[in-house]
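So the structure is just underneath, and the comments pick up after that.
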Amino acid sequence: MVFDKVTRGEKLPSVKLASVQYAILLMMLALAAGLWRLQVLGADNFRVLAEQNRIRKVPILAGRGKLFDRENRLIVDNYPSVSCFLVREQRHDVDVDLPLIARGLHLDLDQLRATLQRYRRAPGYQPIPIKQDITADEQAFIAAHSNELPELETIDEERRLYPRDGFASHLIGYVGEVSEEMLNDPRYAAYEPGDVVGKSGVEESYDQVLRGQDGSRDVVVDSHGREVGYLRTQHAIPGQDLRLTIDNDLQRAAELALGNRDGAIVAMDPRNGEILALVSRPSFDPNAFAVRIDRAAWNKLVMDPSHPLLNKAIQAQLAPGSTFKILMSVAGLEEGIAQNLHVYCNGGADFYGHYYHCDAKHGAVDIHNAIPDSCDTFYYTLADKLGIDRIAAYAQRFGYGQKTGIDLPGEQAGLMPSPQWLMKNYHRKWYAGETISVGIGQGAVEATPLQLARIIAGIASDGHLVRPHVVFPDQLPPDFRHAIQDSFPGSGEANIPIPPEDWITITDGMAQVTEPGAFHTAGSAHLDGIDLAGKTGTAQVMSHEALSHVAKTRSTNPNVWFVGVTPRRNPELVVAVLWQNGEFSYYPARIGAKVVEAYVEKQRKLAHNLQPTKAPPPPVEVGAVWSVPDPQDSGRTTRIRAGHFFVNPGPGALSDSRPVLSRKDTVNLPAHRPQPAPGPTTLGVALPELPWNWKKP
Amino acid sequence: MSQMRRFLSFRDFDWTLLGMVLLLCALSVFEIYSATLHTKYTGFHSKQVFWIAGGLVAMFVFSRIDYHRLLDWVPWAYGFCVLSLAAVLVPGIGHKALGARRWIKIGPLLFQPSEWVKVVLILAVARYFANLGAKSLTWKEIFKAFALVGVPMLLVLKQPDLGTTLTYAPILFAGLFLGGINWRQAAILITAGLVLVVGAWSSGKVLKPYQKARLTSFINPDSDPRGSGYQIRQSLIAVGSGGIWGKGAEKGTQTQGDFLPIPHADFIFAAYSEEHGFVGAIFVLLLYFLILMRLIQNAQTAADLPGSLIIMGIVAVLTFQIAVNVGMVIGFMPVTGIPLPLMSYGGSSVLFTYLALGVAMNVRMRRFVN
């Protein structure tokens, strides 16, 4: 039986008791070792974990810097907005709440799950943004469910407000949530998931300056996520406001002039490279990106065959057509060939067994009327005499085939073909006939509107080429100023003096282009009282032979160009216009002339104090200028709509006092630049500087 | 009887042991105070003081009753225990809380029989092996011992209360070890035990899934950070972040922020280690070590075999609870819900410990009786 009577007698062997004692000692030592491991060796690590447990970092988002035009008029503003974040609690099972959250915040449940899935790898204390720009009733939902859904948190932030109708959208760019690919890029090492980042235009290239630095507040919470207290607050450093070189008035004029035609306009001050207007068509609404863009809208933008997101001013690489003849003239004159070249144009000429067309029978042509008549036969002959190597050398010196180095992302370099290039890329020899095509800017030659503006304005400025930019560099921190030049490499500034006679020949030829009633190529661009010189270009998209076989449609129309400068020598404005499939080159000339006219009108008003700008404007409600691109609306009668945005530019933004040009002002040239010597000309008189309002006596 | 009373005096009472026990209890009360400061359990430290006072009374009472008489009563007590454990499982009588049927409700009082069964089992095992004498055991005797402990174990496992079930095992093992099992038998039993445990684990019928999860999550707490791994993880953070000197009383962020689960009961050692650091934790371990050594010394000097076996049974239970509880807190052991004797809040646990110590005192006071 288990329970027998209690007996007494023997004792426990002391060996066994001793072994029990040693076993207990061993156990205690093991426990002590465990404590040592945690409390002495691992203390630092666990202290961090304990802090992460109880401290929730609530971000304080930095306001993004605003964008102003060159006269401190607001272009891009911010507006207050509330975003909803999800804070992951270790104790609280969020998955159960998701259907309720999705219902309350009007979210798609699967999409919400996918969002959470994306943040699985992120550290646990980091809040997940689940909906931006929530409405008042969604805010009320979060407040009402603060007990059931302690994981939901709202954050006040500022959101981008862009001008309507895609005004300057390609130049400004847009912001969006940083993508996973970007986070893997070392350039974006400092960014965290959910950060808003500039994704195009100025927003992208100046993101570091604009974004500021987010602050945070350390909130002490208990295990249920209830706030118990605050520890410290690190205030956000708002982003820096930036003053762009854009002139809102000119930008508006350019937007209106181009209307809804596919193409681009660049207006630049060739003395310093400041971009005054930049338009690309078709356009898009950057406000659609400010809150996360939905997939359908994004796909529509990306799949659109006319590429609305493409900034054609710097990304469209197309044959420059006859605008290339300006460079040909420079090359021909400097090589001493063009001066003595006399060609009889009979509507074309034979070269290497192939007939090359000219658009008209120009008769006797020399360099003086070759430019205004845009005589192909003359330039075919000139190209043949120069040879491709010399043409390519000049073209590359002046910047064909190279990026300009503008401070905007995604600039394209264009293309200047040469025998070496052809051999390297296509492994074949250069045919002499190809040189003939290159002579009129066809064949493989490609350039962007910005490149053409820089090159032709550079030639008109006696070989002084500038680096275009859209942000005044003086407002940037020095290291960033250098960094921006390194991150957007290009041919930048260059000085290639042109002999004065050649310079005058070419610029006079360009001035004759717009002469009215002379049946020159761009009489349409004539502006009374304004010295507008320029060059048109018509670049076939198909050869003459191919064109004769297909039905003539919109897409077979040639791309047409106009590059105009005012005044003709040492210009203070250059406008490059591209109209894709625009058919006739006097159309873009007319568009360019409208921009030039707007500019000159404004300068005249400034010169006569009709438009006050000199004094820094006090904080007033002026509002951004919204454009209403209406093709029917001519530039003069456009309504300027004032918004209701309180403009209070920072003191730094007001430091600018742009020199106001009066008609008496001579062009203010940089010191390093050689002043064109007013030497004897063919007329035997010294030529005065010609201001834009110079008029033939 | 009159002669016995002459020898029996409180001069023979183990005051050193009681001093160390009371010191531990004082630390416990302070820690319970700190751990429950901002929770709904505020005031539990004073309740604990009452339990300790009650425990002391029980201790003195039991030290007065001759343990031989207790051994005489054991068969009755054992029978009563098995009955009450069975009664707990009957839905009408047993009170269900937190998903387990562990209590019998008598009036307003909740009575948890499994805690008292421990004392009875210690006595029963001591009596059983004492009667066998310190000779080699036959297989039949070993199986009888297994049956003696196994029946209440199975009943408690049914409640389900895995932690308490496990605390019965060391009573049996201590009895077998001290009662004269030989190496060959031990080896066979261990092998058989391993086979049984593996079989029971994989059959999935003995342990409930949540019990299994609790038993495995200590190996990798991050595998289930919201479930059972959470408690271990928070406990490790609490202990580790305490560092060498601790964060100071009422300043443990894990304890005060309610990250540490039940910081006044099962996880009191984590709370204590967070607030008093490595130094404090080692001090407590040292106290436990001294208490256990003192008890073993008493077992050595006991007048007879049953006395020694009773004390060694108590030592086995206490050692097991300390090892499992502290081991759980520092991540060596799974979460089993075994309280830390003398420190964890809880009436049953306190009363049992003091009662057991009373019996040990009893043995010591009668060491010169024969």
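Identifiers in the structure tokens: chain A, B, ... in order shown; residue index from 1 per chain; ligand index from 1 in order shown.
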
Name the residues in contact with Leu29 (chain A) at a cut-off of 12 Å, using only C-alpha atoms, excluding same-chain residues fewer than 2 positions from it; report them as a list in words.
-> Tyr22, Ala23, Ile24, Leu25, Leu26, Met27, Leu31, Ala32, Ala33, Gly34, Leu35 and Trp36 of chain A; Ile282, Leu285, Leu286, Phe289, Ala323 and Gly327 of chain B

Could you pull the residues within 9 Å of Arg364 (chain B), counting only C-alpha atoms, minus those fewer than 5 positions along the same chain, as a PyMOL selection string?
-> chain B and resi 12-14+298-299+301-303+307+359

Sorted per-residue table, chain B near chain A, closest atoms and distance, 6 Å, only C-alpha atoms, as a tab-separated table:
residue	atom	partner	partner_atom	distance
B:Asn131	CA	A:Thr7	CA	5.6
B:Arg226	CA	A:Arg91	CA	5.6
B:Ile237	CA	A:Phe46	CA	5.1
B:Gly240	CA	A:Gln39	CA	4.3
B:Ser241	CA	A:Arg47	CA	4.3
B:Gly243	CA	A:Gln39	CA	4.3
B:Ile244	CA	A:Val40	CA	6.0
B:Gly257	CA	A:Asp222	CA	4.5
B:Asp258	CA	A:Ser223	CA	5.5
B:Phe259	CA	A:Ser223	CA	5.0
B:Phe278	CA	A:Gln39	CA	5.9
B:Asp304	CA	A:Lys11	CA	5.8
B:Leu305	CA	A:Lys11	CA	4.8

Output the selection as a PDB file, in the first residue's frame - N, CA and C atoms for each residue.
ATOM      1  N   ASN B 131       8.878   5.421   4.616  1.00  0.00           N
ATOM      2  CA  ASN B 131       8.475   4.062   4.978  1.00  0.00           C
ATOM      3  C   ASN B 131       9.289   3.027   4.224  1.00  0.00           C
ATOM      4  N   ARG B 226       3.306  39.881 -31.042  1.00  0.00           N
ATOM      5  CA  ARG B 226       2.068  40.369 -30.421  1.00  0.00           C
ATOM      6  C   ARG B 226       1.480  39.359 -29.463  1.00  0.00           C
ATOM      7  N   ILE B 237      13.406  43.238 -22.112  1.00  0.00           N
ATOM      8  CA  ILE B 237      13.716  44.667 -22.212  1.00  0.00           C
ATOM      9  C   ILE B 237      13.747  45.281 -20.820  1.00  0.00           C
ATOM     10  N   GLY B 240      16.930  43.918 -18.978  1.00  0.00           N
ATOM     11  CA  GLY B 240      18.143  44.418 -19.603  1.00  0.00           C
ATOM     12  C   GLY B 240      18.322  45.911 -19.419  1.00  0.00           C
ATOM     13  N   SER B 241      17.225  46.662 -19.582  1.00  0.00           N
ATOM     14  CA  SER B 241      17.364  48.112 -19.503  1.00  0.00           C
ATOM     15  C   SER B 241      17.618  48.576 -18.078  1.00  0.00           C
ATOM     16  N   GLY B 243      20.047  47.657 -16.290  1.00  0.00           N
ATOM     17  CA  GLY B 243      21.483  47.878 -16.178  1.00  0.00           C
ATOM     18  C   GLY B 243      22.017  47.415 -14.830  1.00  0.00           C
ATOM     19  N   ILE B 244      23.141  47.969 -14.454  1.00  0.00           N
ATOM     20  CA  ILE B 244      23.798  47.500 -13.233  1.00  0.00           C
ATOM     21  C   ILE B 244      23.101  48.024 -11.981  1.00  0.00           C
ATOM     22  N   GLY B 257       5.058  51.959 -17.421  1.00  0.00           N
ATOM     23  CA  GLY B 257       4.326  52.202 -18.665  1.00  0.00           C
ATOM     24  C   GLY B 257       3.430  51.046 -19.041  1.00  0.00           C
ATOM     25  N   ASP B 258       3.338  50.056 -18.180  1.00  0.00           N
ATOM     26  CA  ASP B 258       2.433  48.932 -18.385  1.00  0.00           C
ATOM     27  C   ASP B 258       2.859  48.083 -19.574  1.00  0.00           C
ATOM     28  N   PHE B 259       4.141  48.125 -19.922  1.00  0.00           N
ATOM     29  CA  PHE B 259       4.609  47.268 -20.991  1.00  0.00           C
ATOM     30  C   PHE B 259       4.866  45.859 -20.473  1.00  0.00           C
ATOM     31  N   PHE B 278      21.142  44.994 -11.780  1.00  0.00           N
ATOM     32  CA  PHE B 278      21.875  43.741 -11.586  1.00  0.00           C
ATOM     33  C   PHE B 278      22.204  43.538 -10.111  1.00  0.00           C
ATOM     34  N   ASP B 304      14.813  12.611  11.859  1.00  0.00           N
ATOM     35  CA  ASP B 304      14.577  11.334  11.190  1.00  0.00           C
ATOM     36  C   ASP B 304      14.409  11.514   9.690  1.00  0.00           C
ATOM     37  N   LEU B 305      14.292  10.404   8.983  1.00  0.00           N
ATOM     38  CA  LEU B 305      14.170  10.418   7.518  1.00  0.00           C
ATOM     39  C   LEU B 305      12.942  11.176   7.027  1.00  0.00           C
TER      40      LEU B 305
END

Contacts of region 45-50 of chain B at 12 Å (only C-alpha atoms; same-chain gap of 3+ positions) as a short mmCIF file (atom, residue, chain, number, x, y, z; two decimals) with N, CA and C atoms, in the first residue's frame:
data_model
loop_
_atom_site.label_atom_id
_atom_site.label_comp_id
_atom_site.auth_asym_id
_atom_site.auth_seq_id
_atom_site.Cartn_x
_atom_site.Cartn_y
_atom_site.Cartn_z
N LEU B 22 11.57 37.23 5.73
CA LEU B 22 10.86 38.50 5.91
C LEU B 22 11.51 39.62 5.11
N CYS B 25 10.27 39.29 1.72
CA CYS B 25 8.88 39.72 1.65
C CYS B 25 8.79 41.23 1.67
N ALA B 26 9.68 41.87 2.43
CA ALA B 26 9.67 43.33 2.48
C ALA B 26 10.00 43.89 1.09
N LEU B 27 11.05 43.33 0.47
CA LEU B 27 11.39 43.75 -0.91
C LEU B 27 10.19 43.55 -1.83
N SER B 28 9.52 42.42 -1.65
CA SER B 28 8.37 42.10 -2.47
C SER B 28 7.27 43.15 -2.32
N VAL B 29 6.98 43.53 -1.07
CA VAL B 29 5.91 44.50 -0.82
C VAL B 29 6.25 45.84 -1.47
N PHE B 30 7.50 46.26 -1.31
CA PHE B 30 7.90 47.53 -1.93
C PHE B 30 7.77 47.47 -3.46
N GLU B 31 8.18 46.33 -4.01
CA GLU B 31 8.13 46.22 -5.47
C GLU B 31 6.68 46.16 -5.95
N ILE B 32 5.83 45.46 -5.19
CA ILE B 32 4.42 45.42 -5.59
C ILE B 32 3.84 46.83 -5.55
N TYR B 33 4.24 47.59 -4.52
CA TYR B 33 3.78 48.97 -4.42
C TYR B 33 4.18 49.74 -5.67
N SER B 34 5.46 49.62 -6.02
CA SER B 34 5.97 50.38 -7.18
C SER B 34 5.31 49.93 -8.47
N ALA B 35 5.15 48.62 -8.60
CA ALA B 35 4.66 48.09 -9.87
C ALA B 35 3.18 48.39 -10.09
N THR B 36 2.43 48.55 -9.01
CA THR B 36 0.99 48.76 -9.16
C THR B 36 0.61 50.22 -8.98
N LEU B 37 1.63 51.09 -8.91
CA LEU B 37 1.39 52.48 -8.54
C LEU B 37 0.34 53.15 -9.41
N TYR B 41 -4.41 48.00 -9.95
CA TYR B 41 -4.04 47.12 -8.83
C TYR B 41 -3.47 47.90 -7.65
N THR B 42 -3.56 49.24 -7.72
CA THR B 42 -3.00 50.03 -6.64
C THR B 42 -3.52 49.54 -5.29
N ALA B 53 1.06 38.39 6.79
CA ALA B 53 0.70 38.24 8.20
C ALA B 53 -0.04 36.92 8.42
N GLY B 54 -0.99 36.66 7.51
CA GLY B 54 -1.73 35.40 7.59
C GLY B 54 -0.79 34.23 7.45
N GLY B 55 0.17 34.35 6.54
CA GLY B 55 1.14 33.29 6.33
C GLY B 55 1.96 33.03 7.58
N LEU B 56 2.35 34.13 8.24
CA LEU B 56 3.14 33.98 9.46
C LEU B 56 2.35 33.24 10.53
N VAL B 57 1.09 33.59 10.66
CA VAL B 57 0.23 32.89 11.63
C VAL B 57 0.20 31.40 11.30
N HIS B 264 3.31 42.74 -10.92
CA HIS B 264 3.28 42.53 -9.47
C HIS B 264 3.21 41.05 -9.13
N ALA B 265 2.96 40.21 -10.14
CA ALA B 265 2.81 38.79 -9.83
C ALA B 265 3.88 37.97 -10.55
N LEU B 342 7.56 33.88 -2.33
CA LEU B 342 7.90 34.97 -1.41
C LEU B 342 7.94 36.34 -2.06
N MET B 343 7.90 36.41 -3.38
CA MET B 343 7.93 37.73 -4.02
C MET B 343 6.65 38.05 -4.77
N SER B 344 6.16 37.11 -5.55
CA SER B 344 4.97 37.38 -6.36
C SER B 344 3.78 37.67 -5.48
N TYR B 345 2.94 38.59 -5.98
CA TYR B 345 1.71 38.85 -5.25
C TYR B 345 0.78 37.66 -5.40
N GLY B 346 0.07 37.33 -4.35
CA GLY B 346 -0.93 36.26 -4.45
C GLY B 346 -1.07 35.54 -3.13
N GLY B 347 -2.31 35.46 -2.63
CA GLY B 347 -2.58 34.85 -1.34
C GLY B 347 -2.20 33.39 -1.29
N SER B 348 -2.62 32.62 -2.29
CA SER B 348 -2.36 31.18 -2.27
C SER B 348 -0.88 30.91 -2.21
N SER B 349 -0.15 31.62 -3.07
CA SER B 349 1.29 31.39 -3.15
C SER B 349 1.97 31.74 -1.83
N VAL B 350 1.60 32.89 -1.25
CA VAL B 350 2.21 33.31 0.02
C VAL B 350 1.87 32.32 1.13
N LEU B 351 0.60 31.97 1.21
CA LEU B 351 0.18 31.07 2.28
C LEU B 351 0.86 29.73 2.16
#

List every residue of region 83-191 of chain B that DSSP, applied to the backbone, labels as strand (DSSP E), and write the result as a list in words.
->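 Strand (DSSP E) assignments inside region 83-191 of chain B correspond to Gly94, His95, Lys96, Ala97, Ala100, Arg101, Arg102, Trp103, Ile104, Lys105, Ile106, Leu109, Leu110 and Phe111 of chain B.
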
Return as a tab-separated table the residues of region 276-325 of chain A lying at most 10 Å from region 573-581 of chain A, together with the closest atom-to-atom pair for each and the distance in Å to one decimal, counting only C-alpha atoms, with rows in chain order and ascending residue number.
residue	atom	partner	partner_atom	distance
A:Leu276	CA	A:Leu573	CA	8.7
A:Ala277	CA	A:Val575	CA	8.9
A:Leu278	CA	A:Val575	CA	9.7
A:Val279	CA	A:Val577	CA	9.4
A:Ser280	CA	A:Leu578	CA	9.2
A:Arg281	CA	A:Trp579	CA	9.2
A:Lys312	CA	A:Leu578	CA	8.7
A:Ala313	CA	A:Leu578	CA	8.2
A:Ala316	CA	A:Leu578	CA	9.3
A:Leu318	CA	A:Gln580	CA	9.3
A:Pro320	CA	A:Leu578	CA	9.4

Could you tell me how far CA of Leu85 (chain B) lies from CA of Leu154 (chain B), in Å and to one decimal?
->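 For CA of Leu85 (chain B) relative to CA of Leu154 (chain B), the distance reads 9.8 Å.
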
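Once Phe173 (chain B) and its same-chain neighbours fewer than 4 positions away are set aside, Val20 of chain A; Ile122, Val125, Ala126, Phe129, Ile142, Ala145, Phe146, Val149, Gly150, Leu166, Thr167, Tyr168, Ala169, Phe177, Leu178, Gly179, Gly180, Ile181, Ala186, Leu189, Ile190, Leu309, Met312, Gly313, Val315, Ala316, Val317 and Phe320 of chain B remain within 12 Å of it when counting only C-alpha atoms.
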
Would you save the residues from that selection as a short mmCIF file (atom, residue, chain, number, x, y, z; two decimals), in the first residue's frame, using N, CA and C atoms?
data_model
loop_
_atom_site.label_atom_id
_atom_site.label_comp_id
_atom_site.auth_asym_id
_atom_site.auth_seq_id
_atom_site.Cartn_x
_atom_site.Cartn_y
_atom_site.Cartn_z
N VAL A 20 22.64 17.96 -3.97
CA VAL A 20 21.51 18.89 -4.16
C VAL A 20 21.99 20.33 -3.98
N ILE B 122 3.94 16.98 -0.71
CA ILE B 122 5.26 16.91 -0.09
C ILE B 122 5.24 15.94 1.08
N VAL B 125 4.66 12.26 -0.20
CA VAL B 125 5.87 11.67 -0.80
C VAL B 125 6.88 11.35 0.29
N ALA B 126 7.03 12.29 1.24
CA ALA B 126 7.98 12.08 2.33
C ALA B 126 7.61 10.82 3.12
N PHE B 129 8.33 7.56 0.96
CA PHE B 129 9.72 7.14 0.85
C PHE B 129 10.35 6.84 2.20
N ILE B 142 8.67 2.36 -7.46
CA ILE B 142 8.80 3.58 -8.27
C ILE B 142 7.47 3.93 -8.93
N ALA B 145 5.06 5.44 -6.59
CA ALA B 145 5.36 6.85 -6.35
C ALA B 145 4.83 7.70 -7.49
N PHE B 146 5.02 7.19 -8.72
CA PHE B 146 4.51 7.93 -9.89
C PHE B 146 3.01 8.09 -9.81
N VAL B 149 1.89 10.84 -7.24
CA VAL B 149 1.99 12.24 -7.70
C VAL B 149 1.21 12.43 -8.99
N GLY B 150 1.15 11.39 -9.79
CA GLY B 150 0.57 11.53 -11.14
C GLY B 150 -0.91 11.83 -11.13
N LEU B 166 3.43 21.34 -13.29
CA LEU B 166 4.87 21.12 -13.36
C LEU B 166 5.51 21.22 -11.99
N THR B 167 4.95 22.07 -11.08
CA THR B 167 5.58 22.20 -9.76
C THR B 167 5.45 20.94 -8.94
N TYR B 168 4.51 20.07 -9.29
CA TYR B 168 4.38 18.81 -8.54
C TYR B 168 5.52 17.86 -8.88
N ALA B 169 6.02 17.98 -10.10
CA ALA B 169 7.03 17.02 -10.56
C ALA B 169 8.28 17.00 -9.68
N PHE B 177 15.01 10.65 -5.95
CA PHE B 177 16.46 10.80 -5.84
C PHE B 177 16.94 10.49 -4.43
N LEU B 178 16.23 11.09 -3.45
CA LEU B 178 16.66 10.88 -2.07
C LEU B 178 16.19 9.54 -1.53
N GLY B 179 15.10 9.02 -2.12
CA GLY B 179 14.53 7.77 -1.62
C GLY B 179 15.28 6.54 -2.08
N GLY B 180 16.31 6.70 -2.95
CA GLY B 180 17.16 5.56 -3.25
C GLY B 180 17.01 4.99 -4.62
N ILE B 181 16.65 5.77 -5.59
CA ILE B 181 16.62 5.26 -6.96
C ILE B 181 18.07 5.06 -7.40
N ALA B 186 17.20 5.43 -13.01
CA ALA B 186 17.06 6.83 -13.38
C ALA B 186 17.22 7.01 -14.88
N LEU B 189 14.18 5.80 -16.68
CA LEU B 189 13.04 6.70 -16.49
C LEU B 189 13.19 7.96 -17.33
N ILE B 190 14.43 8.49 -17.36
CA ILE B 190 14.65 9.74 -18.13
C ILE B 190 14.38 9.49 -19.61
N LEU B 309 13.04 14.32 4.46
CA LEU B 309 12.35 14.24 3.17
C LEU B 309 11.33 15.36 3.01
N MET B 312 13.32 18.47 2.19
CA MET B 312 13.87 18.39 0.85
C MET B 312 12.77 18.52 -0.20
N GLY B 313 11.58 18.05 0.12
CA GLY B 313 10.44 18.27 -0.80
C GLY B 313 10.16 19.75 -0.95
N VAL B 315 12.32 22.16 -0.39
CA VAL B 315 13.45 22.72 -1.14
C VAL B 315 13.26 22.49 -2.64
N ALA B 316 12.82 21.27 -3.00
CA ALA B 316 12.64 20.96 -4.42
C ALA B 316 11.61 21.89 -5.06
N VAL B 317 10.47 22.07 -4.37
CA VAL B 317 9.42 22.92 -4.94
C VAL B 317 9.91 24.36 -5.07
N PHE B 320 12.56 24.73 -7.78
CA PHE B 320 11.94 24.63 -9.09
C PHE B 320 11.24 25.94 -9.45
#

8 Å contact set for Ile291 (chain B), only C-alpha atoms, chain neighbours under 4 positions out, as a ChimeraX atom specification | /B:17,20-21,287,295

Which one of A:Phe85, A:Tyr188, A:Tyr380, A:Tyr344 sits closest to Val365 (chain A) if you count only C-alpha atoms?
->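 Checking each candidate against Val365 (chain A), we get A:Tyr344 as the closest.
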
Gln451 (chain A) proximity check over A:Ala331, A:Val87, A:Leu301, A:Leu415, using only C-alpha atoms: winner is A:Leu415

CA of Tyr431 (chain A) sits from CA of Gln315 (chain A) at a separation of 28.8 Å

Who sits within 8 Å of region 115-117 of chain B, only C-alpha atoms, same chain under 2 positions skipped, as a list of chain:residue names |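 After dropping sequence-adjacent residues, the list is B:Tyr78, B:Cys81, B:Gln112, B:Pro113, B:Val119, B:Val120, B:Leu121, B:Pro152, B:Thr164, B:Ser348, B:Ser349, B:Phe352.
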
Could you pull out the residues in region 47-240 of chain B that DSSP calls helix (DSSP H, G or I) from the backbone, as an NGL selection string?
-> :B and (47-64 or 67-88 or 113-132 or 139-157 or 162-179 or 183-203 or 209-217 or 221-223 or 228-240)

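In this model, the gap between CA of Val61 (chain B) and CA of Phe10 (chain B) comes to 12.2 Å.
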